[in-house]
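Everything below belongs to target.tsv, which stores TSV, C-alpha atoms.
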```
chain	number	residue	atom	x	y	z
Z	1379	SER	CA	-0.48	20.25	-12.13
Z	1380	LEU	CA	0.93	16.74	-11.77
Z	1381	ALA	CA	2.96	17.13	-14.94
Z	1382	GLN	CA	4.53	20.33	-13.65
Z	1383	GLU	CA	5.28	18.77	-10.25
Z	1384	LEU	CA	7.01	15.82	-11.87
Z	1385	SER	CA	8.89	18.08	-14.27
Z	1386	ASP	CA	10.11	20.18	-11.32
Z	1387	CYS	CA	11.10	17.02	-9.48
Z	1388	SER	CA	13.15	15.80	-12.44
Z	1389	ARG	CA	15.28	18.98	-12.15
Z	1390	ASP	CA	15.51	18.99	-8.34
Z	1391	THR	CA	18.51	17.06	-7.05
Z	1392	SER	CA	16.97	16.64	-3.57
Z	1393	CYS	CA	13.81	15.19	-5.13
Z	1394	LEU	CA	15.81	12.85	-7.34
Z	1395	ALA	CA	17.85	11.77	-4.33
Z	1396	MET	CA	14.62	10.97	-2.52
Z	1397	PHE	CA	13.65	8.44	-5.18
Z	1398	THR	CA	17.07	6.84	-4.93
Z	1399	ASP	CA	16.81	6.58	-1.14
Z	1400	VAL	CA	13.24	5.29	-1.27
Z	1401	PHE	CA	14.13	2.63	-3.82
Z	1402	ALA	CA	17.14	1.48	-1.79
Z	1403	GLU	CA	15.11	1.36	1.42
Z	1404	VAL	CA	12.31	-0.61	-0.19
Z	1405	VAL	CA	14.77	-3.11	-1.64
Z	1406	ARG	CA	16.40	-3.59	1.78
Z	1407	ALA	CA	13.03	-3.96	3.48
Z	1408	TRP	CA	11.64	-6.51	1.06
Z	1409	SER	CA	14.85	-8.55	1.19
Z	1410	LYS	CA	13.99	-9.25	4.82
Z	1411	ILE	CA	10.44	-10.37	4.10
Z	1412	SER	CA	9.32	-13.63	2.57
Z	1413	CYS	CA	5.78	-14.73	1.79
Z	1414	HIS	CA	4.26	-15.70	5.09
Z	1415	GLU	CA	0.95	-17.18	6.13
Z	1416	ALA	CA	-0.37	-16.81	9.68
Z	1417	PRO	CA	-3.35	-18.92	10.71
Z	1418	GLU	CA	-6.50	-16.91	10.09
Z	1419	GLU	CA	-8.65	-16.68	13.22
Z	1420	LEU	CA	-10.84	-13.71	12.46
Z	1421	SER	CA	-14.07	-12.59	14.02
Z	1422	TYR	CA	-17.02	-12.25	11.67
Z	1423	TYR	CA	-16.90	-8.47	12.09
Z	1424	PRO	CA	-13.18	-7.69	11.93
Z	1425	GLN	CA	-11.83	-4.27	12.81
Z	1426	VAL	CA	-10.11	-2.68	9.82
Z	1427	VAL	CA	-6.95	-0.69	10.54
Z	1428	LEU	CA	-4.57	0.97	8.10
Z	1429	LEU	CA	-0.87	1.06	9.01
Z	1430	ALA	CA	1.38	3.62	7.30
Z	1431	THR	CA	5.12	4.08	7.80
Z	1432	PRO	CA	7.19	6.79	6.01
Z	1433	ILE	CA	9.94	5.49	3.75
Z	1434	GLY	CA	13.00	7.55	2.95
Z	1435	PRO	CA	13.31	11.33	3.30
Z	1436	GLY	CA	10.38	13.62	2.63
Z	1437	VAL	CA	10.98	16.35	0.04
Z	1438	ALA	CA	8.40	19.12	-0.45
Z	1439	LYS	CA	5.12	17.35	-1.30
Z	1440	TRP	CA	6.81	14.01	-1.87
Z	1441	GLN	CA	6.83	11.45	0.94
Z	1442	ALA	CA	6.75	7.76	0.24
Z	1443	TYR	CA	4.95	5.34	2.58
Z	1444	HIS	CA	4.72	1.63	3.18
Z	1445	THR	CA	1.12	0.72	4.00
Z	1446	SER	CA	-0.70	-2.44	4.95
Z	1447	ILE	CA	-4.08	-3.50	6.31
Z	1448	MET	CA	-4.86	-5.17	9.61
Z	1449	LEU	CA	-8.05	-7.14	10.25
Z	1450	ASP	CA	-8.21	-7.59	14.00
Z	1451	GLU	CA	-4.71	-8.89	14.88
Z	1452	LEU	CA	-3.73	-10.07	11.38
Z	1453	GLU	CA	-1.73	-7.93	8.96
Z	1454	TYR	CA	-2.10	-8.25	5.18
Z	1455	SER	CA	0.65	-6.78	3.01
Z	1456	PHE	CA	1.95	-6.96	-0.57
Z	1457	SER	CA	5.58	-7.27	-1.68
Z	1458	PRO	CA	7.51	-8.95	-4.51
Z	1459	ALA	CA	6.81	-12.22	-2.65
Z	1460	GLY	CA	3.08	-11.69	-3.07
Z	1461	VAL	CA	0.41	-11.28	-0.40
Z	1462	SER	CA	1.56	-12.16	3.12
Z	1463	VAL	CA	-0.42	-12.59	6.31
Z	1464	PHE	CA	1.31	-11.85	9.60
Z	1465	ARG	CA	0.23	-11.75	13.20
Z	1466	GLY	CA	0.94	-8.12	14.10
Z	1467	PRO	CA	2.58	-5.40	11.93
Z	1468	ALA	CA	5.53	-7.53	10.84
Z	1469	SER	CA	6.02	-5.97	7.40
Z	1470	HIS	CA	6.65	-2.56	8.99
Z	1471	ALA	CA	9.41	-3.93	11.22
Z	1472	ALA	CA	11.76	-3.76	8.23
Z	1473	CYS	CA	11.20	0.01	7.91
Z	1474	PRO	CA	13.76	2.15	9.80
Z	1475	LYS	CA	11.08	4.65	10.89
Z	1476	HIS	CA	8.93	1.97	12.52
Z	1477	PRO	CA	7.55	2.11	15.15
Z	1478	GLU	CA	8.15	5.79	16.01
Z	1479	LYS	CA	6.62	7.20	12.82
Z	1480	THR	CA	4.12	4.46	12.04
Z	1481	LEU	CA	0.53	5.69	11.93
Z	1482	ILE	CA	-2.40	3.57	13.05
Z	1483	ILE	CA	-5.62	4.65	11.36
Z	1484	ASN	CA	-8.92	3.13	12.39
Z	1485	MET	CA	-11.09	2.55	9.32
Z	1486	GLY	CA	-14.05	1.01	11.16
Z	1487	THR	CA	-15.50	-2.47	10.89
Z	1488	THR	CA	-16.70	-4.45	7.91
Z	1489	GLN	CA	-18.91	-7.44	7.28
Z	1490	VAL	CA	-17.16	-9.36	4.53
Z	1491	ASP	CA	-15.92	-12.91	4.35
Z	1492	ALA	CA	-12.66	-11.87	6.02
Z	1493	LYS	CA	-11.31	-15.41	6.09
Z	1494	GLY	CA	-11.22	-15.38	2.31
Z	1495	PHE	CA	-9.62	-11.94	2.02
Z	1496	ALA	CA	-6.04	-13.15	1.39
Z	1497	ARG	CA	-7.18	-15.76	-1.12
Z	1498	LYS	CA	-9.22	-13.23	-3.08
Z	1499	MET	CA	-6.47	-10.61	-3.10
Z	1500	ARG	CA	-3.85	-13.13	-4.28
Z	1501	ILE	CA	-5.82	-13.61	-7.48
Z	1502	PHE	CA	-4.94	-10.04	-8.46
Z	1503	PHE	CA	-1.73	-9.43	-6.48
Z	1504	GLU	CA	0.37	-12.37	-7.59
Z	1505	GLU	CA	3.94	-13.14	-6.63
Z	1506	GLY	CA	6.27	-11.44	-9.10
Z	1507	SER	CA	3.77	-8.74	-10.17
Z	1508	TYR	CA	5.04	-6.05	-7.76
Z	1509	ASP	CA	6.15	-2.75	-9.29
Z	1510	LEU	CA	7.63	0.04	-7.14
Z	1511	LEU	CA	5.62	2.74	-8.93
Z	1512	ARG	CA	2.57	1.12	-10.48
Z	1513	LYS	CA	1.57	-1.89	-8.33
Z	1514	ASN	CA	2.98	-1.71	-4.85
Z	1515	CYS	CA	1.93	-2.05	-1.21
Z	1516	ASN	CA	-0.16	1.11	-1.49
Z	1517	SER	CA	-2.00	-0.25	-4.52
Z	1518	PHE	CA	-2.84	-3.30	-2.41
Z	1519	SER	CA	-4.03	-1.17	0.51
Z	1520	ASP	CA	-6.06	1.05	-1.82
Z	1521	VAL	CA	-7.90	-1.92	-3.34
Z	1522	GLY	CA	-8.27	-3.65	0.03
Z	1523	LEU	CA	-9.82	-0.61	1.70
Z	1524	GLN	CA	-12.23	-0.08	-1.17
Z	1525	TYR	CA	-13.30	-3.70	-0.92
Z	1526	LEU	CA	-13.56	-3.80	2.87
Z	1527	VAL	CA	-14.97	-0.38	3.80
Z	1528	GLY	CA	-15.68	1.41	0.54
Z	1529	ARG	CA	-12.91	3.99	1.02
Z	1530	ARG	CA	-9.85	4.87	-1.06
Z	1531	LEU	CA	-6.40	5.01	0.49
Z	1532	ASP	CA	-5.85	8.63	1.52
Z	1533	ARG	CA	-4.06	10.64	-1.17
Z	1534	GLN	CA	-1.13	11.54	1.08
Z	1535	PHE	CA	-0.08	7.88	1.22
Z	1536	ARG	CA	-0.10	7.56	-2.58
Z	1537	GLN	CA	2.61	10.07	-3.51
Z	1538	MET	CA	4.58	7.45	-5.44
Z	1539	GLU	CA	1.43	6.55	-7.36
Z	1540	LYS	CA	1.38	10.10	-8.73
Z	1541	VAL	CA	4.53	9.13	-10.58
Z	1542	GLY	CA	3.08	5.74	-11.49
Z	1543	ALA	CA	0.01	7.39	-13.04
Z	1544	SER	CA	2.33	9.07	-15.56
Z	1545	ALA	CA	4.85	6.24	-15.72
Z	1546	ASP	CA	4.96	6.16	-19.50
Z	1547	ARG	CA	6.38	9.69	-19.51
Z	1548	TYR	CA	8.13	10.04	-16.17
Z	1549	SER	CA	9.29	6.65	-14.87
Z	1550	TYR	CA	12.62	7.31	-16.63
Z	1551	VAL	CA	13.34	9.78	-13.80
Z	1552	VAL	CA	13.37	6.94	-11.27
Z	1553	GLN	CA	15.22	4.64	-13.65
Z	1554	LEU	CA	17.98	7.20	-14.08
Z	1555	THR	CA	18.31	8.07	-10.39
Z	1556	THR	CA	18.48	4.39	-9.39
Z	1557	GLY	CA	21.11	3.64	-12.01
Z	1558	GLY	CA	18.68	1.47	-13.91
Z	1559	ALA	CA	17.93	-0.69	-10.87
Z	1560	TYR	CA	14.24	0.20	-11.18
Z	1561	ARG	CA	12.66	-1.16	-14.32
Z	1562	PRO	CA	8.91	-1.24	-14.97
Z	1563	ASN	CA	7.54	-4.73	-14.35
Z	1564	PRO	CA	5.54	-5.89	-17.38
Z	1565	GLU	CA	3.48	-8.08	-15.04
Z	1566	ALA	CA	1.96	-4.85	-13.68
Z	1567	ASP	CA	1.08	-3.35	-17.06
Z	1568	ARG	CA	-2.59	-4.27	-16.96
Z	1569	PHE	CA	-3.22	-3.45	-13.30
Z	1570	LYS	CA	-6.10	-1.04	-12.68
Z	1571	ALA	CA	-7.36	-0.61	-9.11
Z	1572	VAL	CA	-10.92	0.17	-10.17
Z	1573	GLN	CA	-11.13	-2.96	-12.30
Z	1574	VAL	CA	-9.78	-5.13	-9.50
Z	1575	VAL	CA	-12.33	-3.78	-7.02
Z	1576	GLY	CA	-15.09	-4.45	-9.53
Z	1577	ALA	CA	-13.88	-8.01	-10.04
Z	1578	LEU	CA	-13.74	-8.62	-6.29
Z	1579	GLU	CA	-17.28	-7.37	-5.89
Z	1580	ALA	CA	-18.48	-9.48	-8.81
Z	1581	GLU	CA	-16.92	-12.57	-7.24
Z	1582	GLY	CA	-19.27	-12.22	-4.32
Z	1583	ARG	CA	-18.87	-9.49	-1.77
Z	1584	THR	CA	-21.16	-9.74	1.27
Z	1585	LEU	CA	-21.45	-6.28	2.72
Z	1586	LEU	CA	-24.37	-5.92	5.12
Z	1587	SER	CA	-23.50	-2.53	6.55
Z	1588	ARG	CA	-20.77	0.06	6.33
Z	1589	PRO	CA	-18.97	1.86	9.14
Z	1590	GLN	CA	-21.03	4.72	10.46
Z	1591	ASN	CA	-18.06	6.98	10.94
Z	1592	MET	CA	-16.17	7.16	7.66
Z	1593	GLN	CA	-13.99	10.03	8.81
Z	1594	LEU	CA	-10.31	9.13	8.76
Z	1595	GLN	CA	-9.25	8.95	12.39
Z	1596	ARG	CA	-5.55	9.26	13.07
Z	1597	GLN	CA	-4.59	7.23	16.05
Z	1598	HIS	CA	-1.52	7.26	18.25
Z	1599	VAL	CA	1.86	6.23	16.90
Z	1600	ILE	CA	2.68	2.60	17.63
Z	1601	LYS	CA	4.65	2.39	20.87
Z	1602	ARG	CA	7.69	0.22	21.34
Z	1603	GLY	CA	7.08	-3.14	22.92
```
Now, as a test, write the supplied structure out as structure tokens.
Amino acid sequence: SLAQELSDCSRDTSCLAMFTDVFAEVVRAWSKISCHEAPEELSYYPQVVLLATPIGPGVAKWQAYHTSIMLDELEYSFSPAGVSVFRGPASHAACPKHPEKTLIINMGTTQVDAKGFARKMRIFFEEGSYDLLRKNCNSFSDVGLQYLVGRRLDRQFRQMEKVGASADRYSYVVQLTTGGAYRPNPEADRFKAVQVVGALEAEGRTLLSRPQNMQLQRQHVIKRG
């Protein structure tokens, strides 16, 4: 069970060290990224691609990831600075394992008002509302994929969210191993992915058709250059 896994992790020094390394790596990565806005020049039927880069060491079932969404050539990501739009996978450039370990996953195409995607997401993913465990880049990707193609972010990329789901009981593990550097962000207390997706749809989602092939397709690792 999740409770047992987290309990085991709290007694496993290698697992605890993983959280420390992940936290430090995330802090370093986000210190290099500021909120950025690239000009949006999207086709009406943008291709949806998920990018996922491992963060820190993997221990047993636990591997943290940084994820983001690309619509055609534009990347959308979430950090303490809020929602940023880059041309190309810029947010992953701050991750030591990019590009060798970065996965490119084709999620198909969508028919939404892609030009308004960043604006809509910023309503719910505000600057200063980021939380390492409970409202992070993977939360953003999870909501974005549900909105764009009707799919959840694959479970393997949401390992940290397993901790976040039981944050009231287990976040102290991360707080202790990071020397108190991680503290739950009260701005993330009310965040619920399902509620955000519902609000986005209520605001006016135009979805004419869904991708025919909903099978997760792992693509080649991003090549240098």
**Asked** For Met1485 (chain Z), which residue among Z:Gln1573, Z:Gln1425, Z:Ser1519, Z:Gln1534 is the nearest when counting only C-alpha atoms?
**Response**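 Among Z:Gln1573, Z:Gln1425, Z:Ser1519, Z:Gln1534, it is Z:Gln1425 that comes nearest to Met1485 (chain Z).
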**Request:** Go ahead and compute the interatomic distance for CA of Ala1496 (chain Z) and CA of Glu1579 (chain Z), in Å to one decimal.
**Result:**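 A separation of 14.6 Å between them.
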**Request:** Find the residue from Z:Val1575, Z:Val1426, Z:Ala1580, Z:Ala1471 that sits nearest to Phe1502 (chain Z); use only C-alpha atoms when measuring.
**Result:**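 Closest to Phe1502 (chain Z) of all the choices is Z:Val1575.
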Neighbour list for Leu1526 (chain Z) as an mmCIF file with C-alpha atoms, in the frame of the given file, cut-off 7 Å, only C-alpha atoms, skip fewer than 2 positions in-chain:
```
data_model
loop_
_atom_site.group_PDB
_atom_site.id
_atom_site.type_symbol
_atom_site.label_atom_id
_atom_site.label_comp_id
_atom_site.auth_asym_id
_atom_site.auth_seq_id
_atom_site.Cartn_x
_atom_site.Cartn_y
_atom_site.Cartn_z
ATOM 1 C CA THR Z 1488 -16.700 -4.450 7.910
ATOM 2 C CA VAL Z 1490 -17.160 -9.360 4.530
ATOM 3 C CA GLY Z 1522 -8.270 -3.650 0.030
ATOM 4 C CA LEU Z 1523 -9.820 -0.610 1.700
ATOM 5 C CA GLN Z 1524 -12.230 -0.080 -1.170
ATOM 6 C CA GLY Z 1528 -15.680 1.410 0.540
#
```
**Asked** Between Z:Tyr1423, Z:Tyr1443, Z:Phe1503, Z:Tyr1508, which has the minimum distance to Pro1562 (chain Z) (counting only C-alpha atoms)?
**Response** Z:Tyr1508
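Atom pair CA of Ala1459 (chain Z) / CA of Arg1500 (chain Z): separated by 10.8 Å.
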Residue neighbourhood His1444 (chain Z), 8 Å, all atoms listed in the file, exclusion window fewer than 5 positions, as a PDB file with C-alpha atoms, in the coordinates of the input:
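File produced: around19.pdb:
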```pdb
ATOM      1  CA  ALA Z1430       1.380   3.620   7.300  1.00  0.00           C
ATOM      2  CA  THR Z1431       5.120   4.080   7.800  1.00  0.00           C
ATOM      3  CA  PRO Z1432       7.190   6.790   6.010  1.00  0.00           C
ATOM      4  CA  ILE Z1433       9.940   5.490   3.750  1.00  0.00           C
ATOM      5  CA  HIS Z1470       6.650  -2.560   8.990  1.00  0.00           C
ATOM      6  CA  CYS Z1515       1.930  -2.050  -1.210  1.00  0.00           C
ATOM      7  CA  ASN Z1516      -0.160   1.110  -1.490  1.00  0.00           C
TER       8      ASN Z1516
END
```
**Item:** Interatomic distance, CA of Glu1453 (chain Z) to CA of Arg1465 (chain Z) (Å, one decimal)
**Value:** 6.0 Å
**Message:** Under the rule that all atoms listed in the file are counted, which of Z:Glu1403, Z:Ala1571, Z:Glu1504, Z:Gln1441 is the nearest residue to Arg1536 (chain Z)?
**Reply:**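 Looking only at the distances to Arg1536 (chain Z), the closest residue turns out to be Z:Gln1441.
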Can you pull out every residue within 9 Å of Ser1517 (chain Z), counting only C-alpha atoms, but drop anything in the same chain fewer than 3 positions away, and send it as a short mmCIF file (atom, residue, chain, number, x, y, z; two decimals) with C-alpha atoms, in the coordinates of the input?
```
data_model
loop_
_atom_site.label_atom_id
_atom_site.label_comp_id
_atom_site.auth_asym_id
_atom_site.auth_seq_id
_atom_site.Cartn_x
_atom_site.Cartn_y
_atom_site.Cartn_z
CA PHE Z 1456 1.95 -6.96 -0.57
CA ARG Z 1512 2.57 1.12 -10.48
CA LYS Z 1513 1.57 -1.89 -8.33
CA ASN Z 1514 2.98 -1.71 -4.85
CA ASP Z 1520 -6.06 1.05 -1.82
CA VAL Z 1521 -7.90 -1.92 -3.34
CA GLY Z 1522 -8.27 -3.65 0.03
CA LEU Z 1531 -6.40 5.01 0.49
CA ARG Z 1536 -0.10 7.56 -2.58
CA GLU Z 1539 1.43 6.55 -7.36
CA ALA Z 1571 -7.36 -0.61 -9.11
#
```
